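Participant: protein_13.txt is reproduced below (compact mmCIF, C-alpha atoms).
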# COMPACT_ATOMS: atom_id res chain seq x y z
CA LEU Z 199 16.93 15.82 9.49
CA ALA Z 200 13.90 15.78 11.76
CA THR Z 201 11.94 18.23 9.60
CA SER Z 202 12.88 16.36 6.42
CA LEU Z 203 11.82 13.07 8.01
CA GLN Z 204 8.45 14.58 8.88
CA VAL Z 205 7.95 15.71 5.26
CA THR Z 206 8.87 12.32 3.79
CA LEU Z 207 6.89 10.39 6.40
CA THR Z 208 3.80 12.53 5.80
CA ILE Z 209 3.90 11.80 2.07
CA THR Z 210 4.49 8.10 2.78
CA LEU Z 211 1.56 7.73 5.18
CA GLN Z 212 -0.80 9.72 2.98
CA ALA Z 213 0.14 7.61 -0.05
CA LEU Z 214 -0.30 4.41 1.96
CA ALA Z 215 -3.73 5.54 3.18
CA ALA Z 216 -4.78 6.37 -0.39
CA ALA Z 217 -3.45 3.00 -1.59
CA VAL Z 218 -5.48 1.19 1.08
CA PHE Z 219 -8.67 3.08 0.23
CA PHE Z 220 -8.48 2.73 -3.54
CA GLY Z 221 -6.95 -0.75 -3.45
CA VAL Z 222 -9.61 -2.27 -1.20
CA THR Z 223 -12.46 -0.42 -2.92
CA LEU Z 224 -11.41 -1.53 -6.39
CA ALA Z 225 -10.73 -5.08 -5.19
CA VAL Z 226 -14.28 -5.35 -3.85
CA LEU Z 227 -15.71 -3.90 -7.07
CA PHE Z 228 -13.60 -6.21 -9.22
CA THR Z 229 -14.67 -9.33 -7.35
CA GLN Z 230 -18.31 -8.30 -7.55
CA SER Z 231 -18.14 -7.60 -11.29
CA LYS Z 232 -15.89 -9.67 -13.54
CA TRP Z 233 -16.37 -7.42 -16.56
CA LEU Z 234 -15.23 -4.47 -14.49
CA GLU Z 235 -12.14 -6.41 -13.40
CA LYS Z 236 -11.28 -7.36 -16.98
CA SER Z 237 -11.79 -3.75 -18.10
CA LEU Z 238 -9.79 -1.90 -15.45
CA LEU Z 239 -7.27 -4.35 -13.98
CA PRO Z 240 -4.93 -4.10 -17.02
CA TYR Z 241 -4.53 -0.38 -16.31
CA ALA Z 242 -3.49 -1.16 -12.74
CA VAL Z 243 -0.94 -3.64 -14.10
CA ILE Z 244 0.40 -0.97 -16.47
CA LEU Z 245 0.85 1.42 -13.54
CA GLN Z 246 2.68 -1.29 -11.60
CA VAL Z 247 5.18 -2.20 -14.34
CA THR Z 248 5.88 1.39 -15.41
CA PRO Z 249 8.93 2.81 -13.56
CA VAL Z 250 7.78 5.73 -11.45
CA VAL Z 251 11.00 7.56 -12.32
CA SER Z 252 9.94 7.71 -15.96
CA ILE Z 253 6.47 9.14 -15.34
CA ALA Z 254 7.26 11.43 -12.39
CA PRO Z 255 8.12 14.41 -14.68
CA LEU Z 256 4.78 13.98 -16.48
CA ILE Z 257 2.93 13.83 -13.17
CA ILE Z 258 4.61 17.06 -12.07
CA ILE Z 259 3.46 18.73 -15.30
CA TRP Z 260 -0.10 17.37 -15.01
CA THR Z 261 -0.39 18.63 -11.43
CA ASP Z 262 0.65 22.13 -12.55
CA ASN Z 263 3.93 21.94 -10.60
CA ASN Z 264 2.15 21.09 -7.36
CA VAL Z 265 5.14 19.26 -5.92
CA THR Z 266 3.39 17.85 -2.85
CA LEU Z 267 0.54 16.40 -4.91
CA SER Z 268 2.94 14.95 -7.49
CA LEU Z 269 5.01 13.28 -4.77
CA LEU Z 270 1.85 11.84 -3.25
CA ILE Z 271 0.69 10.44 -6.61
CA CYS Z 272 4.09 8.88 -7.33
CA ALA Z 273 4.25 7.20 -3.92
CA TRP Z 274 0.64 6.03 -4.28
CA ILE Z 275 1.32 4.43 -7.66
CA VAL Z 276 4.13 2.34 -6.16
CA ALA Z 277 2.12 1.27 -3.09
CA PHE Z 278 -1.25 0.68 -4.75
CA PHE Z 279 -0.88 -2.58 -6.68
CA PRO Z 280 0.21 -4.99 -3.89
CA ILE Z 281 -2.86 -4.09 -1.85
CA LEU Z 282 -5.15 -4.41 -4.87
CA SER Z 283 -3.78 -7.75 -6.06
CA ASN Z 284 -3.53 -9.33 -2.59
CA THR Z 285 -7.04 -8.24 -1.62
CA ILE Z 286 -8.48 -9.61 -4.87
CA LEU Z 287 -6.69 -12.89 -4.21
CA GLY Z 288 -8.07 -13.00 -0.67
CA LEU Z 289 -11.63 -12.23 -1.72
CA ASN Z 290 -11.47 -14.96 -4.35
CA SER Z 291 -10.00 -17.44 -1.84
CA ALA Z 292 -13.09 -17.74 0.34
CA ASP Z 293 -14.16 -21.36 0.80
CA HIS Z 294 -16.61 -22.23 -1.99
CA ASN Z 295 -18.42 -24.68 0.28
CA LEU Z 296 -19.13 -21.85 2.68
CA ILE Z 297 -20.22 -19.63 -0.19
CA ASN Z 298 -22.69 -22.32 -1.25
CA LEU Z 299 -23.89 -22.57 2.34
CA PHE Z 300 -24.49 -18.81 2.47
CA GLN Z 301 -26.43 -19.02 -0.80
CA MET Z 302 -28.48 -21.96 0.47
CA TYR Z 303 -29.58 -19.93 3.48
CA GLY Z 304 -30.52 -17.00 1.27
CA ALA Z 305 -27.69 -14.62 2.18
CA SER Z 306 -27.40 -11.55 -0.03
CA ARG Z 307 -24.21 -10.66 -1.91
CA TRP Z 308 -23.53 -7.93 0.67
CA GLN Z 309 -23.93 -10.36 3.58
CA THR Z 310 -21.66 -12.91 1.88
CA LEU Z 311 -19.08 -10.19 1.27
CA ARG Z 312 -19.26 -8.81 4.80
CA TYR Z 313 -19.36 -12.00 6.83
CA LEU Z 314 -17.35 -14.40 4.65
CA LYS Z 315 -15.24 -12.87 1.91
CA LEU Z 316 -13.85 -9.83 3.75
CA PRO Z 317 -12.69 -11.86 6.81
CA ALA Z 318 -11.16 -14.43 4.44
CA ALA Z 319 -9.33 -11.65 2.59
CA LEU Z 320 -7.99 -9.94 5.73
CA PRO Z 321 -4.72 -11.94 5.99
CA TYR Z 322 -4.02 -11.37 2.29
CA PHE Z 323 -4.75 -7.65 2.62
CA LEU Z 324 -2.44 -7.35 5.61
CA GLY Z 325 0.30 -9.16 3.69
CA GLY Z 326 -0.08 -6.66 0.87
CA LEU Z 327 -0.09 -3.81 3.37
CA ARG Z 328 3.28 -4.88 4.76
CA ILE Z 329 4.72 -4.79 1.25
CA SER Z 330 3.09 -1.49 0.39
CA GLY Z 331 4.32 0.19 3.57
CA GLY Z 332 7.92 -0.06 2.44
CA LEU Z 333 7.07 0.65 -1.19
CA ALA Z 334 5.27 3.86 -0.25
CA LEU Z 335 8.42 5.08 1.48
CA ILE Z 336 10.55 4.10 -1.51
CA GLY Z 337 8.13 5.82 -3.87
CA ALA Z 338 8.18 9.01 -1.82
CA VAL Z 339 11.99 9.11 -1.72
CA VAL Z 340 12.37 8.34 -5.43
CA ALA Z 341 9.77 10.97 -6.32
CA GLU Z 342 11.66 13.53 -4.22
CA PHE Z 343 14.84 12.73 -6.14
CA VAL Z 344 13.09 13.20 -9.49
CA ALA Z 345 11.17 16.31 -8.47
CA GLY Z 346 14.29 17.95 -7.10
CA THR Z 347 12.48 19.49 -4.17
CA GLY Z 348 14.46 21.86 -2.02
CA GLY Z 349 14.23 24.37 0.78
CA SER Z 350 13.26 24.02 4.39
CA ALA Z 351 10.19 21.89 3.54
CA SER Z 352 12.16 19.31 1.57
CA GLY Z 353 12.32 15.62 2.37
CA LEU Z 354 15.14 13.22 3.13
CA ALA Z 355 15.99 12.66 -0.55
CA TYR Z 356 16.96 16.30 -0.96
CA ARG Z 357 19.10 16.11 2.19
CA ILE Z 358 21.00 13.22 0.60
CA LEU Z 359 21.53 15.20 -2.61
CA GLU Z 360 22.50 18.30 -0.66
CA SER Z 361 25.00 16.36 1.44
CA GLY Z 362 26.50 14.82 -1.70
CA TYR Z 363 26.96 18.20 -3.37
CA GLN Z 364 28.57 19.62 -0.23
CA LEU Z 365 30.63 16.46 0.39
CA LYS Z 366 29.07 16.01 3.82
CA ILE Z 367 29.39 12.23 3.78
CA PRO Z 368 28.46 11.61 7.46
CA ARG Z 369 25.23 13.58 6.98
CA MET Z 370 24.47 11.59 3.84
CA PHE Z 371 24.87 8.31 5.69
CA ALA Z 372 22.75 9.70 8.53
CA ALA Z 373 19.91 10.46 6.11
CA LEU Z 374 20.21 6.99 4.57
CA LEU Z 375 20.11 5.44 8.05
CA VAL Z 376 17.01 7.46 8.92
CA ILE Z 377 15.26 6.23 5.75
CA SER Z 378 16.18 2.63 6.52
CA MET Z 379 15.07 2.86 10.15
CA THR Z 380 11.80 4.49 9.06
CA GLY Z 381 11.11 1.62 6.66
CA ILE Z 382 11.87 -0.92 9.37
CA ALA Z 383 9.60 0.92 11.82
CA ILE Z 384 6.72 0.94 9.31
CA PHE Z 385 7.17 -2.79 8.69
CA LEU Z 386 7.27 -3.61 12.41
CA ILE Z 387 4.19 -1.52 13.18
CA ILE Z 388 2.17 -3.15 10.40
CA SER Z 389 3.41 -6.60 11.50
CA TRP Z 390 2.29 -5.84 15.06
CA VAL Z 391 -1.15 -4.72 13.85
CA THR Z 392 -1.35 -7.88 11.73
CA HIS Z 393 -0.61 -10.02 14.77
CA LEU Z 394 -3.26 -8.25 16.83
CA LEU Z 395 -5.91 -8.75 14.16
CA LEU Z 396 -5.13 -12.39 13.41
CA ARG Z 397 -3.80 -13.87 16.64
CA HIS Z 398 -7.13 -15.29 17.85
CA TRP Z 399 -8.33 -17.02 14.71
CA HIS Z 400 -5.92 -17.30 11.79
CA GLU Z 401 -3.48 -20.19 11.47
CA SER Z 402 -0.56 -17.91 10.64
CA ALA Z 403 -0.79 -16.13 14.00
CA VAL Z 404 -2.25 -18.66 16.40
CA LYS Z 405 0.28 -19.92 18.93
CA ARG Z 406 0.94 -23.65 18.88
CA GLU Z 407 2.37 -25.86 21.57
CA ASN Z 408 4.62 -27.75 19.13
Go ahead and express the file in the form of structure tokens.

Facilitator:
Amino acid sequence: LATSLQVTLTITLQALAAAVFFGVTLAVLFTQSKWLEKSLLPYAVILQVTPVVSIAPLIIIWTDNNVTLSLLICAWIVAFFPILSNTILGLNSADHNLINLFQMYGASRWQTLRYLKLPAALPYFLGGLRISGGLALIGAVVAEFVAGTGGSASGLAYRILESGYQLKIPRMFAALLVISMTGIAIFLIISWVTHLLLRHWHESAVKREN
């Protein structure tokens, strides 16, 4: 199971990294340009509400049977939207009084984004990241089920299918336990990073005496 865990975890982390990059980039672009948000955000919503199981076969065909790339795309689709939507919400939640103050002192849009909107959006982004961490793992496992990957370089989903076909029930439960523990570990790591980033200034992480 160790090799299969490494395969699934690699796809999960790569998909999560891609979701962070594209999610944050698009969120910044959308908040800087409303017409761009209105033009492209509906497509992101369509990706979110479309079951990945239904489009995974099409993705495999479009990637010319590149199984690794298709798994990565499927996991990315599942993990992408929470980061995008939460970051947009955070960027739009910056205090308007402070925005007016920045404008009064002649701050550029880049300075306002860097020093005000991005710090204000950080807690929202981290909240979306905690959600997307588990979703990326789920997306990777579901994509492996649909793709039917096999062999020595297969992930945990194939080990579950293989154990079911061979009636190796203990091994099946072991693979399920590994998936669950991996998801918990991802959540705890992201929660720890969130605490480190917010503990000195944000109300959600600052320690109180009462």

Participant: Give me, as a list in words, all polymer residues having an atom no more than 9 Å from Z:Ile329, counting only C-alpha atoms and skipping those fewer than 3 positions away in the same chain.

Facilitator: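 The residues satisfying every condition are Ala277, Pro280, Ile281, Leu324, Gly325, Gly326, Gly332, Leu333, Ala334 and Phe385 of chain Z.
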
Participant: What are the nearest atom pairs, with distances in Å to one decimal, for all residues of stretch 273-387 of chain Z that come at most 12 Å from stretch 396-405 of chain Z, using all atoms listed in the file, set out by chain and rising residue number as CSV?

Facilitator:
residue,atom,partner,partner_atom,distance
Z:Pro317,CA,Z:His400,CA,10.0
Z:Ala318,CA,Z:His400,CA,9.5
Z:Ala319,CA,Z:His400,CA,11.3
Z:Leu320,CA,Z:Leu396,CA,8.6
Z:Pro321,CA,Z:Leu396,CA,7.4
Z:Tyr322,CA,Z:Ser402,CA,11.2
Z:Phe323,CA,Z:Leu396,CA,11.8
Z:Leu324,CA,Z:Leu396,CA,9.7
Z:Gly325,CA,Z:Ser402,CA,11.2

Participant: Report, in Å with one decimal, the straight-line distance from atom CA of Z:His294 to atom CA of Z:Glu235.

Facilitator: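 That distance, rounded to one decimal, is 20.0 Å.
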
Participant: Mind pulling up the distance from atom CA of Z:Asp262 to atom CA of Z:Ala215?

Facilitator: 23.3 Å

Participant: Return the single residue from Z:Ser352, Z:Asn263, Z:Thr285, Z:Thr380 that is closest to Z:Ala217, with distances computed using all atoms listed in the file.

Facilitator: Z:Thr285

Participant: Extract, using all atoms listed in the file, all DNA, RNA and protein residues at most 9 Å from stretch 252-255 of chain Z, discarding same-chain residues fewer than 2 positions from it, and format them as a PyMOL selection string.

Facilitator: chain Z and resi 248-250+257-260+268-269+271-272+341+344-345

Participant: Selected residues, C-alpha atoms, written as an mmCIF file, keeping the file's coordinate frame, please.

Facilitator:
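Result written to out.cif:
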data_model
loop_
_atom_site.group_PDB
_atom_site.id
_atom_site.type_symbol
_atom_site.label_atom_id
_atom_site.label_comp_id
_atom_site.auth_asym_id
_atom_site.auth_seq_id
_atom_site.Cartn_x
_atom_site.Cartn_y
_atom_site.Cartn_z
ATOM 1 C CA THR Z 248 5.880 1.390 -15.410
ATOM 2 C CA PRO Z 249 8.930 2.810 -13.560
ATOM 3 C CA VAL Z 250 7.780 5.730 -11.450
ATOM 4 C CA ILE Z 257 2.930 13.830 -13.170
ATOM 5 C CA ILE Z 258 4.610 17.060 -12.070
ATOM 6 C CA ILE Z 259 3.460 18.730 -15.300
ATOM 7 C CA TRP Z 260 -0.100 17.370 -15.010
ATOM 8 C CA SER Z 268 2.940 14.950 -7.490
ATOM 9 C CA LEU Z 269 5.010 13.280 -4.770
ATOM 10 C CA ILE Z 271 0.690 10.440 -6.610
ATOM 11 C CA CYS Z 272 4.090 8.880 -7.330
ATOM 12 C CA ALA Z 341 9.770 10.970 -6.320
ATOM 13 C CA VAL Z 344 13.090 13.200 -9.490
ATOM 14 C CA ALA Z 345 11.170 16.310 -8.470
#

Participant: Restricting the calculation to all atoms listed in the file: of Z:Ala355, Z:Ile275, Z:Leu207, Z:Leu314, which residue gets closest to Z:Phe300?

Facilitator: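 So, comparing all the options, the nearest one is Z:Leu314.
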
Participant: Take atom CA of Z:Lys232 and atom CA of Z:Ala305 and report the distance between them in Å, one decimal.

Facilitator: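 Value for the atom CA of Z:Lys232-atom CA of Z:Ala305 distance: 20.3 Å.
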